[in-house]
2 protein chains.
Amino acid sequence: MSPINFEVFPESYRHWRVEYEGDIARVIMDVDEDGGLMEGYQLKLNSYDLGVDIELADVVQRMRFEHPEVKVVIMQSGKDRVFCAGANIRMLGGATHAHKVNFCKFTNETRNTFEAAEEDSGQKWIAAVKGSCAGGGYELALACNHIILTNDSTSSVALPEVPLLAVLPGTGGLTRVTDKRKVRRDLADVFCAMEEGVRGQRAVDWQLVDEIVPNSKFDDVVTARAAEFAAASLKANGLTGIKLTPLPRKIAEDGSISYDLVEVAIERDKGLATITLNGPDTAPPASTDALQAEGADNYLLKLARELDDAILHLRTNEREVGVLVFRSQGDPAAVVAHEAMLLDNADFWLANEILQYWKRVLKRVDMTARSLVAVVEHGSCFAGPLAELLWSCDRSYMMQDEFEGDNRPLATVTLTAGNFGRYLMGNGLTRLQTRFLGDPEAVDRLEAQKGEALDADAADDVGLVTFIYDDIDWEDELRIFLEERASFSPDAMTGMEANLRFAGPETMETRIFGRLTAWQNWIFQRPNAVGEEGALQRYGTGIRGKYNMERV
Amino acid sequence: MSPINFEVFPESYRHWRVEYEGDIARVIMDVDEDGGLMEGYQLKLNSYDLGVDIELADVVQRMRFEHPEVKVVIMQSGKDRVFCAGANIRMLGGATHAHKVNFCKFTNETRNTFEAAEEDSGQKWIAAVKGSCAGGGYELALACNHIILTNDSTSSVALPEVPLLAVLPGTGGLTRVTDKRKVRRDLADVFCAMEEGVRGQRAVDWQLVDEIVPNSKFDDVVTARAAEFAAASLKANGLTGIKLTPLPRKIAEDGSISYDLVEVAIERDKGLATITLNGPDTAPPASTDALQAEGADNYLLKLARELDDAILHLRTNEREVGVLVFRSQGDPAAVVAHEAMLLDNADFWLANEILQYWKRVLKRVDMTARSLVAVVEHGSCFAGPLAELLWSCDRSYMMQDEFEGDNRPLATVTLTAGNFGRYLMGNGLTRLQTRFLGDPEAVDRLEAQKGEALDADAADDVGLVTFIYDDIDWEDELRIFLEERASFSPDAMTGMEANLRFAGPETMETRIFGRLTAWQNWIFQRPNAVGEEGALQRYGTGIRGKYNMERV
């Protein structure tokens with residue numbers, strides 16, 4: 001099978017159209033039935049598969065970098081009588097367990113970016129729902145910041161997964177119903193157990209939508225609401241975007257990948273991918289004008305884009321690679337300088353967007369179901385946003401003292417202001433706060449050490465790395481660990497990491513990836529859903545699923 | 001298979017001894033190898049199965065009612081060189097998926113009661129760990145309030161499940177390591193990925209135990225620590241317990257059960273159990289002396305014990321019963337009076353224990369993986385603690401206006417002070433706070449209506465029930481709903497209910513039952529753990545599990 005590619009371009013979208021009108025954009029879902037990513041299904045009724053969602057993720061991402069002038073995004077359907085029928089069931093029925101799980105994770109990450117667009121960039125998403133809006137379709141609307149439903153006899157919102165398909169509304173549906181819309185728990189039960197959904201005034205009364213509008217006035221009200229929200233937006237006027245240029249990606253025959261700043265070496269026999277992040281070889285831009293002129297060539301933006309693409313590629317296309325090793329090479333002071341330029345100008349839209357994007361990429365790393373290891377070698381540049389990777393990882397190894405024949409600068413870790421609040425995890429804490437949950441004062445002490453290049457002994461003393469080894473032990477310790485880790489059951493590792501990585505408070509986001517996703521993954525293994533007589537397999541045959549009625 | 005019985009008596013414990021010395025009790029784990037609940041395994045090295053845990057739950061429960069004089073409980077091993085080896089692996093390897101899931105749920109509930117004993121009743125649990133303490137053994141220690149480890153070359157704490165068995169430490173282990181002990185996340189990763197565990201000073205440094213003590217001083221220090229904690233306890237001195245007398249349970253041939261106050265009618269062909277709670281026919285005790293004299297005959301204590309036993313029986317022994325219907329019959333004013341006596345005397349130990357027990361029983365209902373429905377009929381007594389069931393349930397139906405030929409008093413719901421803080425859910429909120437998460441002021445408005453018997457229209461107006469129906473619609477609506485509900489996939493219902501029931505904040509408790517349990521249940525379905533070549537099946541054969549190395 002040829003690898004799934006996460007890089008797409010507006011010129012070649014098959015499923016979405018985007019129309020720009022000043023500070024308002026319309027994102028129109030108009031899925032090409034014959035444009036499925038795989039064989040065996042048609043994308044009828046605006047149903048989607050991973051390919052449709054890859055384009056949507058691109059829409060959201062480009063909206064923020066290429067169209068900062070946009071303050072309000074209207075999501076609507078390009079088809080009559082249907083907003084969106086949700087994930088394609090035949091696709092789900094035919095997909096492997098691993099594909100289902102990965103598909104749901106990516107769609108969840110994309111839905112989260114709708115909400116982040118308002119919070120981080122002042123781009124508010126409106127769902128303008130005409131026609132039926134079911135399952136994943138309603139989950140798209142739920143991820144928007146405001147839902148307008150047309151009030152007619154055929155337009156409704158619904159989460160029919162449980163009664164119809166014996167699976168959960170797993171793209172955030174159940175969690176957003178309870179935690180975002182705060183639907184009363186028994187009404188949520190009624191809503192999620194009915195195939196036909198809810199329409200009209202009841203949809204408002206149950207807090208499932210924000211407003212209903214008669215069909216005849218629908219377009220006017222949607223346009224008026226968008227104008228209102230745009231007028232109320234605190235976002236600066238008249239911003240000009242930058243172009244997200246194509247990624248310089250080359251994939252070698254052995255699967256290894258190289259970009260300009262990121263290299264991924266793959267050793268499939270060892271279940272191992274080594275991701276090297278290279279430091280900058282240019283000075284940071286001298287002004288916001290210079291930053292704007294750099295555009296996608298800005299070091300930290302380029303690095304984030306390449307890393308993001310590499311992670312998505314590895315997740316989807318290299319599933320037997322169970323361990324990701326992060327290393328870096330470069331000048332830590334130069335990384336600090338590049339980040340400082342953005343932090344100092346965080347009120348400039350592009351500096352803000354790059355920092356926010358790093359937050360998202362680091363969350364994507366946190367959510368990657370592979371064992372993650374950071375290796376801090378001599379010559380490395382783990383500083384600021386790159387240092388965050390040390391605490392995204394399950395553990396880290398750092399070189400101590402000089403190594404024979406190695407004349408690179410000694411390994412260091414450098415904390416910056418960015419590490420103390422810029423890159424919040426899904427749980428709402430910094431990675432350092434999460435790491436030192438039992439000793440909050442440790443974070444305060446660390447803050448006083450910002451800007452110092454901490455060597456192995458110093459980093460170990462303050463608890464920034466897991467193990468430090470000198471020249472004598474380094475190679476053996478690392479080899480033994482990597483061999484052992486790669487030998488463990490991948491499922492047990494996934495479950496363990498999903499529990500250990502997110503200590504502390506839970507948020508809607510962590511609940512979606514923790515509780516909701518874990519239950520959905522369980523159901524995706526159960527014969528009642530995926531067995532030969534299960535509901536997903538029988539969907540469309542006119543025969544209901546046959547269930548083993550035992551509760552477990 | 002004969003039903004598993006959750007009622008046991010100290011006289012016939014096979015696996016535990018309890019020694020009382022004034023305000024200190026010693027709970028000694030000394031598992032009878034040949035005392036397994038089922039065939040096919042021996043309970044070596046203090047490993048446990050459900051039968052061992054049923055006795056332990058009884059120990060904790062009786063400690064609180066029969067021995068309120070106890071301020072400190074020391075949990076220790078009755079065997080040399082081993083504290084506890086955890087859940088029996090051969091038992092797990094041979095158990096059905098449903099048994100594994102139910103076993104873990106019950107053991108988790110029991111571990112939670114250790115922590116609750118300190119919080120609710122001032123009974124502090126110390127784990128005095130000598131010898132190896134692995135997996136479920138360390139999870140027993142983690143659930144105690146203080147862990148003392150002997151400092152010798154063979155005593156250690158360990159969570160070897162992931163490397164050894166390809167499953168999670170699912171009895172709270174991962175969650176308590178991160179959230180209770182607040183072990184640094186990378187150290188937690190190291191700890192949970194090693195078979196051999198951690199001992200000595202490192203166990204203290206990593207916050208895995210509270211103190212280490214040389215072998216020669218171990219017994220003295222444990223005794224001294226217990227005396228210290230007892231002296232510091234705020235619990236009243238010299239309390240005298242009551243006897244938890246045998247439950248008056250009769251099981252009929254069709255599976256229906258009757259106690260004195262609780263009846264369970266089972267219709268297996270409909271997948272339905274109807275649980276009727278009967279109101280009191282006595283006045284509440286006039287004084288705390290009278291309450292003490294009533295002992296286990298106190299109405300609310302008796303009702304809680306019967307309901308608790310019924311729920312455990314249904315969960316374990318009636319697995320195809322997917323829907324539990326709660327109904328009540330009796331005088332609501334009498335229920336209010338009984339609860340008021342306890343609330344007014346909540347500083348009296350037994351009143352407090354009964355109220356705290358209701359909290360636990362209601363949590364047990366919340367955590368029951370069956371669809372839960374409350375039916376508020378004429379003649380019912382849903383008031384105070386019984387009214388909590390309306391909001392534990394997934395939804396409720398209430399009779400409206402007079403029904404032909406039915407001369408019972410019209411259906412009402414009565415709120416009491418108890419509903420506003422006495423029976424907190426696992427998420428730390430009241431059921432009313434959770435229900436009205438989107439409208440916190442609704443809870444304040446309801447508080448002003450305490451003591452009023454609200455009829456169907458009033459209860460509907462303020463959102464206390466889901467549906468109200470009059471004589472014309474009642475029977476059909478209820479029948480259609482119950483038939484439909486019983487036809488849905490049990491797995492999808494379990495996943496849906498686990499997500500909808502716990503809106504709002506998460507706590508260590510909700511994370512154990514949500515995130516940790518859901519991942520464990522997923523792993524319990526994966527061939528890498530439970531397949532023929534999986535680690536659980538191969539344990540003890542000398543051959544490691546053979547894994548499909550794909551990450552999903």
# chains A, B, ... in the order shown; residues from 1 in each chain; ligands from 1
>>> residues_around(residues="Lys359 (chain B)", least_positions_apart="5", cutoff="12 Å", atoms="only C-alpha atoms", output="tab-separated table (two decimals) with all heavy atoms, in the first residue's frame")
chain	number	residue	atom	x	y	z
B	113	THR	N	-12.29	2.00	49.13
B	113	THR	CA	-12.82	2.09	50.49
B	113	THR	C	-11.71	2.25	51.53
B	113	THR	O	-11.97	2.73	52.62
B	113	THR	CB	-13.68	0.85	50.87
B	113	THR	OG1	-12.86	-0.32	50.85
B	113	THR	CG2	-14.85	0.70	49.93
B	116	ALA	N	-11.31	5.93	51.54
B	116	ALA	CA	-12.51	6.53	52.12
B	116	ALA	C	-12.55	6.33	53.63
B	116	ALA	O	-13.06	7.17	54.37
B	116	ALA	CB	-13.76	5.93	51.48
B	120	ASP	N	-13.53	9.51	55.53
B	120	ASP	CA	-14.91	9.56	56.03
B	120	ASP	C	-15.03	9.18	57.50
B	120	ASP	O	-15.96	9.60	58.18
B	120	ASP	CB	-15.81	8.62	55.22
B	120	ASP	CG	-15.89	9.03	53.75
B	120	ASP	OD1	-15.54	10.19	53.44
B	120	ASP	OD2	-16.29	8.19	52.93
B	300	LEU	N	-32.41	2.69	57.25
B	300	LEU	CA	-31.55	3.12	56.14
B	300	LEU	C	-30.29	2.25	56.01
B	300	LEU	O	-29.79	2.04	54.91
B	300	LEU	CB	-31.20	4.60	56.25
B	300	LEU	CG	-32.32	5.53	55.75
B	300	LEU	CD1	-31.99	7.00	56.05
B	300	LEU	CD2	-32.57	5.38	54.24
B	301	LEU	N	-29.80	1.75	57.13
B	301	LEU	CA	-28.65	0.84	57.05
B	301	LEU	C	-29.06	-0.48	56.41
B	301	LEU	O	-28.38	-1.02	55.53
B	301	LEU	CB	-28.06	0.60	58.46
B	301	LEU	CG	-26.91	-0.41	58.53
B	301	LEU	CD1	-25.79	-0.08	57.55
B	301	LEU	CD2	-26.36	-0.49	59.95
B	304	ALA	N	-29.60	-0.02	52.68
B	304	ALA	CA	-28.33	0.14	51.96
B	304	ALA	C	-27.64	-1.21	51.80
B	304	ALA	O	-27.13	-1.54	50.71
B	304	ALA	CB	-27.42	1.12	52.70
B	308	ASP	N	-26.98	-2.87	48.20
B	308	ASP	CA	-25.59	-3.12	47.83
B	308	ASP	C	-25.42	-4.58	47.41
B	308	ASP	O	-24.84	-4.89	46.35
B	308	ASP	CB	-24.71	-2.81	49.07
B	308	ASP	CG	-23.27	-2.49	48.70
B	308	ASP	OD1	-22.99	-2.22	47.52
B	308	ASP	OD2	-22.42	-2.49	49.62
B	352	ASN	N	-23.07	8.84	61.07
B	352	ASN	CA	-22.10	9.16	60.03
B	352	ASN	C	-21.81	7.94	59.15
B	352	ASN	O	-21.82	8.03	57.91
B	352	ASN	CB	-20.80	9.66	60.68
B	352	ASN	CG	-19.71	9.91	59.65
B	352	ASN	OD1	-19.88	10.69	58.72
B	352	ASN	ND2	-18.59	9.21	59.80
B	353	GLU	N	-21.59	6.79	59.77
B	353	GLU	CA	-21.25	5.61	58.97
B	353	GLU	C	-22.39	5.22	58.02
B	353	GLU	O	-22.15	4.79	56.90
B	353	GLU	CB	-20.90	4.42	59.87
B	353	GLU	CG	-19.55	4.53	60.57
B	353	GLU	CD	-18.36	4.64	59.63
B	353	GLU	OE1	-18.50	4.34	58.42
B	353	GLU	OE2	-17.28	5.05	60.08
B	354	ILE	N	-23.61	5.35	58.49
B	354	ILE	CA	-24.74	4.97	57.62
B	354	ILE	C	-24.82	5.93	56.42
B	354	ILE	O	-25.00	5.51	55.28
B	354	ILE	CB	-26.07	4.94	58.41
B	354	ILE	CG1	-25.99	3.86	59.51
B	354	ILE	CG2	-27.25	4.67	57.48
B	354	ILE	CD1	-27.17	3.88	60.49
B	364	ARG	N	-21.64	2.83	43.85
B	364	ARG	CA	-21.65	1.49	43.26
B	364	ARG	C	-22.72	1.43	42.17
B	364	ARG	O	-22.52	0.81	41.12
B	364	ARG	CB	-21.92	0.44	44.34
B	364	ARG	CG	-21.99	-0.97	43.85
B	364	ARG	CD	-20.80	-1.80	44.25
B	364	ARG	NE	-20.77	-2.14	45.65
B	364	ARG	CZ	-19.66	-2.57	46.28
B	364	ARG	NH1	-18.53	-2.72	45.62
B	364	ARG	NH2	-19.69	-2.85	47.57
B	365	VAL	N	-23.85	2.07	42.42
B	365	VAL	CA	-24.90	2.13	41.39
B	365	VAL	C	-24.38	2.91	40.17
B	365	VAL	O	-24.48	2.45	39.04
B	365	VAL	CB	-26.19	2.77	41.95
B	365	VAL	CG1	-27.22	2.95	40.84
B	365	VAL	CG2	-26.77	1.92	43.08
B	366	ASP	N	-23.78	4.10	40.41
B	366	ASP	CA	-23.23	4.90	39.30
B	366	ASP	C	-22.30	4.06	38.42
B	366	ASP	O	-22.24	4.22	37.21
B	366	ASP	CB	-22.38	6.07	39.84
B	366	ASP	CG	-23.19	7.12	40.59
B	366	ASP	OD1	-24.40	7.23	40.34
B	366	ASP	OD2	-22.59	7.84	41.42
B	384	GLY	N	-34.81	12.07	49.61
B	384	GLY	CA	-33.47	12.01	50.21
B	384	GLY	C	-32.57	11.01	49.50
B	384	GLY	O	-32.41	11.08	48.28
B	385	PRO	N	-32.00	10.05	50.25
B	385	PRO	CA	-31.07	9.10	49.62
B	385	PRO	C	-31.73	8.29	48.51
B	385	PRO	O	-31.06	7.96	47.53
B	385	PRO	CB	-30.61	8.21	50.77
B	385	PRO	CG	-31.61	8.42	51.88
B	385	PRO	CD	-32.14	9.80	51.69
B	386	LEU	N	-33.01	7.99	48.64
B	386	LEU	CA	-33.68	7.24	47.57
B	386	LEU	C	-33.85	8.11	46.33
B	386	LEU	O	-33.77	7.61	45.20
B	386	LEU	CB	-35.04	6.71	48.05
B	386	LEU	CG	-34.98	5.37	48.81
B	386	LEU	CD1	-34.28	5.53	50.14
B	386	LEU	CD2	-36.36	4.76	48.96
B	388	GLU	N	-31.72	10.18	45.28
B	388	GLU	CA	-30.44	10.18	44.57
B	388	GLU	C	-30.46	9.18	43.41
B	388	GLU	O	-29.81	9.38	42.38
B	388	GLU	CB	-29.29	9.81	45.51
B	388	GLU	CG	-28.94	10.87	46.55
B	388	GLU	CD	-28.23	12.09	45.97
B	388	GLU	OE1	-27.34	11.94	45.11
B	388	GLU	OE2	-28.60	13.21	46.38
B	389	LEU	N	-31.20	8.08	43.60
B	389	LEU	CA	-31.26	7.06	42.55
B	389	LEU	C	-31.80	7.62	41.24
B	389	LEU	O	-31.45	7.17	40.16
B	389	LEU	CB	-32.10	5.87	43.01
B	389	LEU	CG	-31.43	4.97	44.06
B	389	LEU	CD1	-32.45	4.02	44.67
B	389	LEU	CD2	-30.27	4.19	43.43
B	392	SER	N	-28.75	8.96	39.69
B	392	SER	CA	-27.79	7.91	39.38
B	392	SER	C	-28.21	7.23	38.08
B	392	SER	O	-27.38	6.77	37.32
B	392	SER	CB	-27.81	6.82	40.47
B	392	SER	OG	-26.74	6.95	41.34
B	418	GLY	N	-29.88	16.26	52.55
B	418	GLY	CA	-28.91	15.23	52.13
B	418	GLY	C	-28.56	15.32	50.66
B	418	GLY	O	-27.44	14.99	50.26
B	419	ASN	N	-29.51	15.75	49.84
B	419	ASN	CA	-29.27	15.81	48.40
B	419	ASN	C	-28.31	16.93	47.99
B	419	ASN	O	-27.94	17.04	46.83
B	419	ASN	CB	-30.60	15.97	47.63
B	419	ASN	CG	-31.57	14.82	47.89
B	419	ASN	OD1	-32.71	15.03	48.30
B	419	ASN	ND2	-31.11	13.61	47.66
B	421	GLY	N	-25.20	17.60	49.33
B	421	GLY	CA	-23.82	17.51	49.78
B	421	GLY	C	-23.43	16.23	50.51
B	421	GLY	O	-22.25	15.99	50.73
B	422	ARG	N	-24.41	15.40	50.86
B	422	ARG	CA	-24.08	14.22	51.66
B	422	ARG	C	-23.58	13.04	50.83
B	422	ARG	O	-22.85	12.19	51.31
B	422	ARG	CB	-25.33	13.76	52.43
B	422	ARG	CG	-25.41	14.29	53.82
B	422	ARG	CD	-24.36	13.63	54.70
B	422	ARG	NE	-24.03	14.49	55.83
B	422	ARG	CZ	-23.05	14.23	56.67
B	422	ARG	NH1	-22.27	13.18	56.51
B	422	ARG	NH2	-22.80	15.05	57.66
B	423	TYR	N	-24.04	12.98	49.57
B	423	TYR	CA	-23.79	11.76	48.78
B	423	TYR	C	-23.02	12.12	47.52
B	423	TYR	O	-23.53	12.01	46.41
B	423	TYR	CB	-25.12	11.07	48.43
B	423	TYR	CG	-26.08	10.97	49.60
B	423	TYR	CD1	-27.24	11.76	49.66
B	423	TYR	CD2	-25.82	10.10	50.66
B	423	TYR	CE1	-28.11	11.67	50.74
B	423	TYR	CE2	-26.68	10.02	51.75
B	423	TYR	CZ	-27.83	10.80	51.79
B	423	TYR	OH	-28.68	10.72	52.86
B	424	LEU	N	-21.79	12.60	47.72
B	424	LEU	CA	-21.01	13.04	46.56
B	424	LEU	C	-20.70	11.87	45.63
B	424	LEU	O	-20.42	10.76	46.06
B	424	LEU	CB	-19.70	13.69	47.02
B	424	LEU	CG	-19.84	14.93	47.89
B	424	LEU	CD1	-18.47	15.55	48.14
B	424	LEU	CD2	-20.76	15.97	47.24
B	425	MET	N	-20.72	12.17	44.33
B	425	MET	CA	-20.31	11.20	43.33
B	425	MET	C	-18.78	11.10	43.32
B	425	MET	O	-18.08	11.91	43.93
B	425	MET	CB	-20.78	11.65	41.95
B	425	MET	CG	-22.28	11.70	41.79
B	425	MET	SD	-22.75	12.37	40.16
B	425	MET	CE	-21.98	11.18	39.03
B	426	GLY	N	-18.29	10.16	42.54
B	426	GLY	CA	-16.84	10.01	42.40
B	426	GLY	C	-16.17	11.26	41.84
B	426	GLY	O	-14.99	11.49	42.08
B	428	GLY	N	-16.68	14.18	42.75
B	428	GLY	CA	-16.58	15.21	43.80
B	428	GLY	C	-17.76	16.16	43.85
B	428	GLY	O	-17.82	17.05	44.69
B	429	LEU	N	-18.73	15.98	42.95
B	429	LEU	CA	-19.92	16.84	42.92
B	429	LEU	C	-21.12	16.05	43.45
B	429	LEU	O	-21.12	14.82	43.47
B	429	LEU	CB	-20.24	17.29	41.49
B	429	LEU	CG	-19.17	18.05	40.72
B	429	LEU	CD1	-19.72	18.45	39.34
B	429	LEU	CD2	-18.70	19.27	41.47
B	430	THR	N	-22.17	16.78	43.83
B	430	THR	CA	-23.43	16.09	44.10
B	430	THR	C	-24.04	15.66	42.76
B	430	THR	O	-23.66	16.16	41.70
B	430	THR	CB	-24.44	17.01	44.82
B	430	THR	OG1	-24.81	18.08	43.92
B	430	THR	CG2	-23.86	17.62	46.08
B	431	ARG	N	-24.98	14.74	42.84
B	431	ARG	CA	-25.65	14.32	41.59
B	431	ARG	C	-26.45	15.48	40.99
B	431	ARG	O	-26.57	15.58	39.78
B	431	ARG	CB	-26.55	13.11	41.84
B	431	ARG	CG	-25.73	11.84	41.91
B	431	ARG	CD	-26.49	10.56	42.20
B	431	ARG	NE	-25.45	9.56	42.45
B	431	ARG	CZ	-24.77	9.49	43.59
B	431	ARG	NH1	-25.06	10.28	44.59
B	431	ARG	NH2	-23.80	8.60	43.73
>>> residues_around(residues="Asp473 (chain A)", least_positions_apart="5", cutoff="10 Å", atoms="only C-alpha atoms", output="list in words")
Met399, Gln400, Ile468 and Leu478 of chain A
>>> closest_residue(among="B:Asp394, B:Glu533, B:Asp53, B:Glu115", to="Arg501 (chain B)", atoms="only C-alpha atoms")
B:Asp394
>>> residues_around(residues="region 375-381 of chain B", least_positions_apart="6", cutoff="9 Å", atoms="only C-alpha atoms", output="ChimeraX atom specification")
/B:277-279,325-335,387,390,395-400,402-403,406-414,456,465,478
>>> closest_residue(among="A:Ile543, A:Leu312, A:Ala193, A:Val59", to="Tyr13 (chain A)", atoms="only C-alpha atoms")
A:Val59
>>> select_by_dssp(residues="region 331-546 of chain B", states="strand (DSSP E)", output="VMD selection string")
chain B and resid 371 to 376 382 to 383 395 to 399 413 to 414 453 to 454 467 to 469
>>> closest_residue(among="A:Leu291, A:Leu362, A:Val157, A:Ala486", to="chain B", atoms="only C-alpha atoms")
A:Ala486
>>> residues_around(residues="Gly451 (chain A)", least_positions_apart="4", cutoff="9 Å", atoms="only C-alpha atoms", output="PyMOL selection string")
chain A and resi 333+336+383+414-417
>>> write_last_selection(atoms="all heavy atoms", output="compact mmCIF listing (two decimals), in the first residue's frame")
# COMPACT_ATOMS: atom_id res chain seq x y z
N ALA A 333 21.93 28.22 21.67
CA ALA A 333 21.75 29.68 21.79
C ALA A 333 20.98 30.23 20.59
O ALA A 333 20.18 31.17 20.72
CB ALA A 333 23.11 30.37 21.92
N VAL A 336 17.35 29.46 21.15
CA VAL A 336 16.83 30.41 22.13
C VAL A 336 16.54 31.76 21.47
O VAL A 336 15.49 32.38 21.69
CB VAL A 336 17.82 30.58 23.31
CG1 VAL A 336 17.40 31.74 24.22
CG2 VAL A 336 17.94 29.28 24.10
N ALA A 383 16.50 23.32 23.64
CA ALA A 383 16.26 24.60 24.30
C ALA A 383 14.85 25.05 23.94
O ALA A 383 14.37 24.77 22.84
CB ALA A 383 17.27 25.64 23.84
N THR A 414 18.54 23.91 27.85
CA THR A 414 18.34 25.32 28.19
C THR A 414 16.85 25.63 28.31
O THR A 414 16.09 25.40 27.37
CB THR A 414 18.95 26.23 27.10
OG1 THR A 414 20.29 25.82 26.85
CG2 THR A 414 18.93 27.69 27.55
N LEU A 415 16.46 26.11 29.48
CA LEU A 415 15.07 26.53 29.68
C LEU A 415 14.90 27.98 29.23
O LEU A 415 15.81 28.78 29.35
CB LEU A 415 14.71 26.42 31.16
CG LEU A 415 14.85 25.05 31.79
CD1 LEU A 415 14.55 25.11 33.28
CD2 LEU A 415 13.92 24.06 31.11
N THR A 416 13.71 28.26 28.71
CA THR A 416 13.40 29.64 28.31
C THR A 416 12.05 30.03 28.91
O THR A 416 11.33 29.19 29.47
CB THR A 416 13.27 29.75 26.78
OG1 THR A 416 12.13 28.97 26.38
CG2 THR A 416 14.52 29.23 26.07
N ALA A 417 11.70 31.28 28.75
CA ALA A 417 10.38 31.74 29.20
C ALA A 417 9.27 30.90 28.57
O ALA A 417 8.23 30.66 29.19
CB ALA A 417 10.19 33.22 28.86
>>> closest_residue(among="A:Val177, A:Ala252, A:Ala128, A:Ile147", to="chain B", atoms="only C-alpha atoms")
A:Val177
>>> atom_distance(atom1="CA of Trp125 (chain B)", atom2="CA of His146 (chain B)")
6.7 Å
>>> atom_distance(atom1="CA of Ala337 (chain A)", atom2="CA of Tyr299 (chain A)")
10.9 Å
>>> select_by_dssp(residues="region 238-294 of chain B", states="alpha helix (DSSP H)", output="tab-separated table (two decimals) with N, CA, C and O atoms, in the first residue's frame")
chain	number	residue	atom	x	y	z
B	288	THR	N	-29.59	8.82	69.70
B	288	THR	CA	-28.44	8.07	69.22
B	288	THR	C	-28.32	6.75	69.98
B	288	THR	O	-27.88	5.75	69.42
B	289	ASP	N	-28.73	6.73	71.22
B	289	ASP	CA	-28.75	5.46	71.95
B	289	ASP	C	-29.69	4.47	71.28
B	289	ASP	O	-29.37	3.30	71.12
B	290	ALA	N	-30.84	4.98	70.89
B	290	ALA	CA	-31.81	4.11	70.22
B	290	ALA	C	-31.26	3.64	68.87
B	290	ALA	O	-31.46	2.49	68.47
B	291	LEU	N	-30.57	4.52	68.18
B	291	LEU	CA	-29.95	4.15	66.90
B	291	LEU	C	-28.94	3.03	67.12
B	291	LEU	O	-28.92	2.02	66.41
B	292	GLN	N	-28.10	3.22	68.13
B	292	GLN	CA	-27.08	2.20	68.45
B	292	GLN	C	-27.77	0.88	68.79
B	292	GLN	O	-27.31	-0.19	68.38
B	293	ALA	N	-28.86	0.97	69.51
B	293	ALA	CA	-29.58	-0.25	69.89
B	293	ALA	C	-30.21	-0.93	68.67
B	293	ALA	O	-30.24	-2.16	68.58
B	294	GLU	N	-30.70	-0.14	67.72
B	294	GLU	CA	-31.24	-0.73	66.49
B	294	GLU	C	-30.18	-1.48	65.71
B	294	GLU	O	-30.42	-2.52	65.13
>>> closest_residue(among="A:Met341, A:Leu272, A:Ala498, A:Ile257", to="Ser287 (chain A)", atoms="only C-alpha atoms")
A:Met341
>>> atom_distance(atom1="CA of Ile24 (chain A)", atom2="CA of Asn145 (chain A)")
14.6 Å
>>> residues_around(residues="Met29 (chain B)", least_positions_apart="2", cutoff="10 Å", atoms="only C-alpha atoms", output="MDAnalysis selection string")
chainID B and resid 14:18 26:27 31:32 46:48 52 56 75:79 83:84
